[in-house]
Amino acid sequence: MPAPLHLPPRYAERPLTLADAGAVARLMAADELATTGEVHIEEADIVAEWQRPSFDVGAATVGVLGPSGDLVAYAECSGGARADAAVRPDHWGQGIGTALAGWVSARAAELGEPVIGMPVPQDSPGDRLLDSLGWFVRWESWVLALPEETAIPARELPAAYAVRAATTQDHEQVWTVIEDAFLEWSERERETYADWVATNVERPGAEPWNIRVVTDPEGAVVAAAVLVMTENGREGFVSRLATRRDQRNRGLAQALLADAFDAARAHGAARATLSTDSRTGALDLYRRVGMEVESTWVHRATRP
């Protein structure tokens, strides 16, 4: 286990459990609001990640308790090159973020990770802190939104191709298409099918229609999107969008994106969003279909 955190007097640390997901979401929401003016995180996001079979919540997390005993900060690092951390704004400036960054680095070293990083809003307090600690920028990412009442331009599918909601029988093909595409540019191990199901199919609030597919004339899944609806139903976020390599440059991704956003609006969403990063080269594609950048993030990393 990493060494104990160096915390201010009257603060304490402990491993977290799945029952802490709501408290973690609330402190992350306070952090997001203070740094970006918006809140995107939901408890379902935390639960979906922590309920993965590969995720050992107790070993992969640390929580910081304030003087009154409430959770005021946390970090997680479960393997792979990505970690997360947040400090409630009313507890900034006391060295807690520095302590958590050290814990993440030590935890990654224990796991044998050559590099570990986390996303932070560009030029935010978290970004500046990690910069001061020597964490470098690996890539940029952007959250994009489709203006209300704007529609993605329609793209006609090739003959005998179809776009529809996925069935349970499609799920393994969806996982394969998405993982194959994302592993072309991301540096991580292949996500297991069981973890994918836990994060996407079994995510709290997920509905069968949230997973969208394009099928070829033989009925095989050749493109897929995963749509996440916010708890209040007012926003549809495309968390994954992928096309099989041999099926690209046929307009499948644009047709699928339009279908996903139309499905979100049909179920009450006023906003349609997604994120992408500089490794994918997809930013211009999303801009061309009318999406606008809302915020810019950087992935800050260190070598343990």
# chains A, B, ... in the order shown; residues from 1 in each chain; ligands from 1
>>> residues_around(residues="A:Gly79", least_positions_apart="6", cutoff="8 Å", atoms="only C-alpha atoms", output="PDB file with N, CA and C atoms, in the first residue's frame")
ATOM      1  N   ALA A 108       0.565   3.988  -8.573  1.00  0.00           N
ATOM      2  CA  ALA A 108       0.922   3.566  -9.922  1.00  0.00           C
ATOM      3  C   ALA A 108       2.250   2.811  -9.919  1.00  0.00           C
ATOM      4  N   LEU A 111       1.750  -0.676  -8.883  1.00  0.00           N
ATOM      5  CA  LEU A 111       1.117  -1.472  -9.929  1.00  0.00           C
ATOM      6  C   LEU A 111       2.023  -1.686 -11.132  1.00  0.00           C
ATOM      7  N   GLU A 113       3.004   0.675 -13.267  1.00  0.00           N
ATOM      8  CA  GLU A 113       2.642   1.531 -14.395  1.00  0.00           C
ATOM      9  C   GLU A 113       3.805   2.475 -14.732  1.00  0.00           C
TER      10      GLU A 113
END
>>> residues_around(residues="stretch 223-228 of chain A", least_positions_apart="2", cutoff="8 Å", atoms="only C-alpha atoms", output="compact mmCIF listing (two decimals) with N, CA and C atoms, in the first residue's frame")
# COMPACT_ATOMS: atom_id res chain seq x y z
N VAL A 174 -20.59 -4.98 -30.39
CA VAL A 174 -20.41 -3.56 -30.07
C VAL A 174 -19.11 -3.36 -29.30
N VAL A 177 -16.10 -3.77 -31.70
CA VAL A 177 -15.91 -2.63 -32.59
C VAL A 177 -15.33 -1.44 -31.84
N ILE A 178 -15.86 -1.15 -30.66
CA ILE A 178 -15.40 0.01 -29.89
C ILE A 178 -13.97 -0.20 -29.40
N ASN A 200 -21.39 0.06 -19.18
CA ASN A 200 -22.32 0.57 -20.19
C ASN A 200 -23.72 -0.01 -20.08
N ALA A 206 -29.25 3.16 -17.25
CA ALA A 206 -29.08 2.81 -18.66
C ALA A 206 -30.32 2.10 -19.20
N ASN A 210 -30.08 3.03 -25.44
CA ASN A 210 -28.92 3.91 -25.33
C ASN A 210 -27.75 3.46 -26.19
N ILE A 211 -27.69 2.19 -26.55
CA ILE A 211 -26.61 1.69 -27.40
C ILE A 211 -27.14 1.62 -28.82
N ARG A 212 -26.48 2.34 -29.75
CA ARG A 212 -26.92 2.46 -31.14
C ARG A 212 -25.91 1.78 -32.06
N VAL A 213 -26.38 1.19 -33.13
CA VAL A 213 -25.46 0.48 -34.04
C VAL A 213 -25.82 0.75 -35.49
N VAL A 214 -24.82 0.60 -36.34
CA VAL A 214 -25.01 0.49 -37.79
C VAL A 214 -24.65 -0.93 -38.17
N THR A 215 -25.51 -1.56 -38.95
CA THR A 215 -25.25 -2.93 -39.41
C THR A 215 -25.04 -2.94 -40.92
N VAL A 221 -22.50 -5.82 -36.90
CA VAL A 221 -22.32 -4.48 -36.37
C VAL A 221 -21.00 -3.92 -36.90
N THR A 230 -28.35 12.01 -18.87
CA THR A 230 -28.17 12.51 -17.52
C THR A 230 -29.36 12.12 -16.66
N GLY A 236 -28.05 14.36 -23.48
CA GLY A 236 -27.58 13.09 -24.01
C GLY A 236 -26.12 13.21 -24.38
N PHE A 237 -25.27 12.39 -23.75
CA PHE A 237 -23.83 12.45 -23.96
C PHE A 237 -23.37 11.18 -24.66
N VAL A 238 -22.74 11.33 -25.81
CA VAL A 238 -22.21 10.16 -26.52
C VAL A 238 -20.84 9.84 -25.94
N SER A 239 -20.78 8.79 -25.14
CA SER A 239 -19.53 8.46 -24.46
C SER A 239 -18.58 7.66 -25.34
N ARG A 240 -19.12 6.97 -26.33
CA ARG A 240 -18.30 6.19 -27.26
C ARG A 240 -18.90 6.27 -28.65
N LEU A 241 -18.04 6.40 -29.66
CA LEU A 241 -18.46 6.38 -31.06
C LEU A 241 -17.32 5.75 -31.85
N ALA A 242 -17.60 4.70 -32.57
CA ALA A 242 -16.54 3.98 -33.28
C ALA A 242 -17.07 3.31 -34.53
N THR A 243 -16.21 3.23 -35.53
CA THR A 243 -16.52 2.55 -36.78
C THR A 243 -15.41 1.53 -37.05
N ARG A 244 -15.79 0.36 -37.49
CA ARG A 244 -14.80 -0.67 -37.82
C ARG A 244 -13.87 -0.14 -38.92
N LEU A 252 -20.75 6.47 -41.97
CA LEU A 252 -21.44 5.70 -40.93
C LEU A 252 -21.42 6.43 -39.59
N ALA A 253 -20.27 7.02 -39.24
CA ALA A 253 -20.16 7.69 -37.94
C ALA A 253 -21.09 8.89 -37.87
N LEU A 256 -24.64 7.68 -37.52
CA LEU A 256 -24.85 7.14 -36.18
C LEU A 256 -24.94 8.26 -35.14
N LEU A 257 -24.10 9.29 -35.30
CA LEU A 257 -24.14 10.42 -34.38
C LEU A 257 -25.49 11.13 -34.47
N ALA A 260 -28.06 8.98 -32.72
CA ALA A 260 -27.95 9.00 -31.26
C ALA A 260 -28.52 10.28 -30.69
N ALA A 264 -31.79 10.84 -28.28
CA ALA A 264 -31.74 11.57 -27.01
C ALA A 264 -32.83 12.62 -26.97
>>> select_by_dssp(residues="stretch 63-284 of chain A", states="helix (DSSP H, G or I)", output="ChimeraX atom specification")
/A:89-91,96-111,125-132,168-182,193-201,208-210,245-247,252-266,283-284
>>> atom_distance(atom1="atom CA of A:Ser186", atom2="atom CA of A:Glu292")
23.9 Å
>>> closest_residue(among="A:Ser78, A:Ala258, A:Pro153, A:His6", to="A:Ala101", atoms="only C-alpha atoms")
A:His6
>>> closest_residue(among="A:Ala159, A:Leu33, A:Ala86, A:Leu146", to="A:Leu274", atoms="only C-alpha atoms")
A:Leu146
>>> residues_around(residues="A:Pro121", least_positions_apart="6", cutoff="8 Å", atoms="only C-alpha atoms", output="PyMOL selection string")
chain A and resi 35-36+127+295-298
>>> write_last_selection(atoms="N, CA and C atoms", output="mmCIF file, in the first residue's frame")
data_model
loop_
_atom_site.group_PDB
_atom_site.id
_atom_site.type_symbol
_atom_site.label_atom_id
_atom_site.label_comp_id
_atom_site.auth_asym_id
_atom_site.auth_seq_id
_atom_site.Cartn_x
_atom_site.Cartn_y
_atom_site.Cartn_z
ATOM 1 N N THR A 35 -14.361 25.148 -10.963
ATOM 2 C CA THR A 35 -13.331 25.295 -11.992
ATOM 3 C C THR A 35 -13.880 25.554 -13.394
ATOM 4 N N THR A 36 -15.066 25.035 -13.704
ATOM 5 C CA THR A 36 -15.601 25.177 -15.061
ATOM 6 C C THR A 36 -16.935 25.914 -15.113
ATOM 7 N N ASP A 127 -4.842 21.994 -12.757
ATOM 8 C CA ASP A 127 -3.857 22.010 -13.832
ATOM 9 C C ASP A 127 -2.574 22.703 -13.363
ATOM 10 N N SER A 295 -15.497 23.323 -23.508
ATOM 11 C CA SER A 295 -14.396 23.403 -22.552
ATOM 12 C C SER A 295 -13.223 22.576 -23.053
ATOM 13 N N THR A 296 -12.031 22.971 -22.595
ATOM 14 C CA THR A 296 -10.795 22.291 -22.982
ATOM 15 C C THR A 296 -10.139 21.726 -21.731
ATOM 16 N N TRP A 297 -9.706 20.483 -21.830
ATOM 17 C CA TRP A 297 -9.054 19.791 -20.725
ATOM 18 C C TRP A 297 -7.679 19.339 -21.180
ATOM 19 N N VAL A 298 -6.791 19.095 -20.224
ATOM 20 C CA VAL A 298 -5.492 18.513 -20.531
ATOM 21 C C VAL A 298 -5.304 17.267 -19.676
#
>>> residues_around(residues="A:Val64", least_positions_apart="6", cutoff="7 Å", atoms="only C-alpha atoms", output="list in words")
Tyr11, Ala12, Glu13, Arg14, Leu71, Val72, Ala73 and Tyr74 of chain A
>>> write_last_selection(atoms="N, CA, C and O atoms", output="short mmCIF file (atom, residue, chain, number, x, y, z; two decimals), in the first residue's frame")
data_model
loop_
_atom_site.label_atom_id
_atom_site.label_comp_id
_atom_site.auth_asym_id
_atom_site.auth_seq_id
_atom_site.Cartn_x
_atom_site.Cartn_y
_atom_site.Cartn_z
N TYR A 11 -7.30 16.14 9.82
CA TYR A 11 -7.78 15.44 8.64
C TYR A 11 -7.34 13.98 8.74
O TYR A 11 -6.32 13.67 9.36
N ALA A 12 -8.10 13.10 8.12
CA ALA A 12 -7.79 11.67 8.16
C ALA A 12 -8.04 11.05 6.80
O ALA A 12 -8.72 11.64 5.94
N GLU A 13 -7.51 9.87 6.60
CA GLU A 13 -7.71 9.15 5.34
C GLU A 13 -8.30 7.78 5.61
O GLU A 13 -8.15 7.22 6.70
N ARG A 14 -8.97 7.24 4.60
CA ARG A 14 -9.46 5.86 4.66
C ARG A 14 -9.75 5.37 3.26
O ARG A 14 -10.04 6.18 2.35
N LEU A 71 -16.47 13.56 3.86
CA LEU A 71 -15.51 13.32 2.78
C LEU A 71 -15.27 14.62 2.02
O LEU A 71 -16.20 15.21 1.48
N VAL A 72 -14.00 15.08 1.97
CA VAL A 72 -13.69 16.36 1.34
C VAL A 72 -12.74 16.22 0.16
O VAL A 72 -12.50 17.19 -0.56
N ALA A 73 -12.18 15.03 -0.05
CA ALA A 73 -11.28 14.81 -1.17
C ALA A 73 -11.14 13.31 -1.39
O ALA A 73 -11.42 12.50 -0.51
N TYR A 74 -10.71 12.96 -2.59
CA TYR A 74 -10.53 11.54 -2.90
C TYR A 74 -9.56 11.40 -4.06
O TYR A 74 -9.31 12.35 -4.82
#
>>> residues_around(residues="A:Ile152", least_positions_apart="4", cutoff="9 Å", atoms="only C-alpha atoms", output="count of residues only")
11
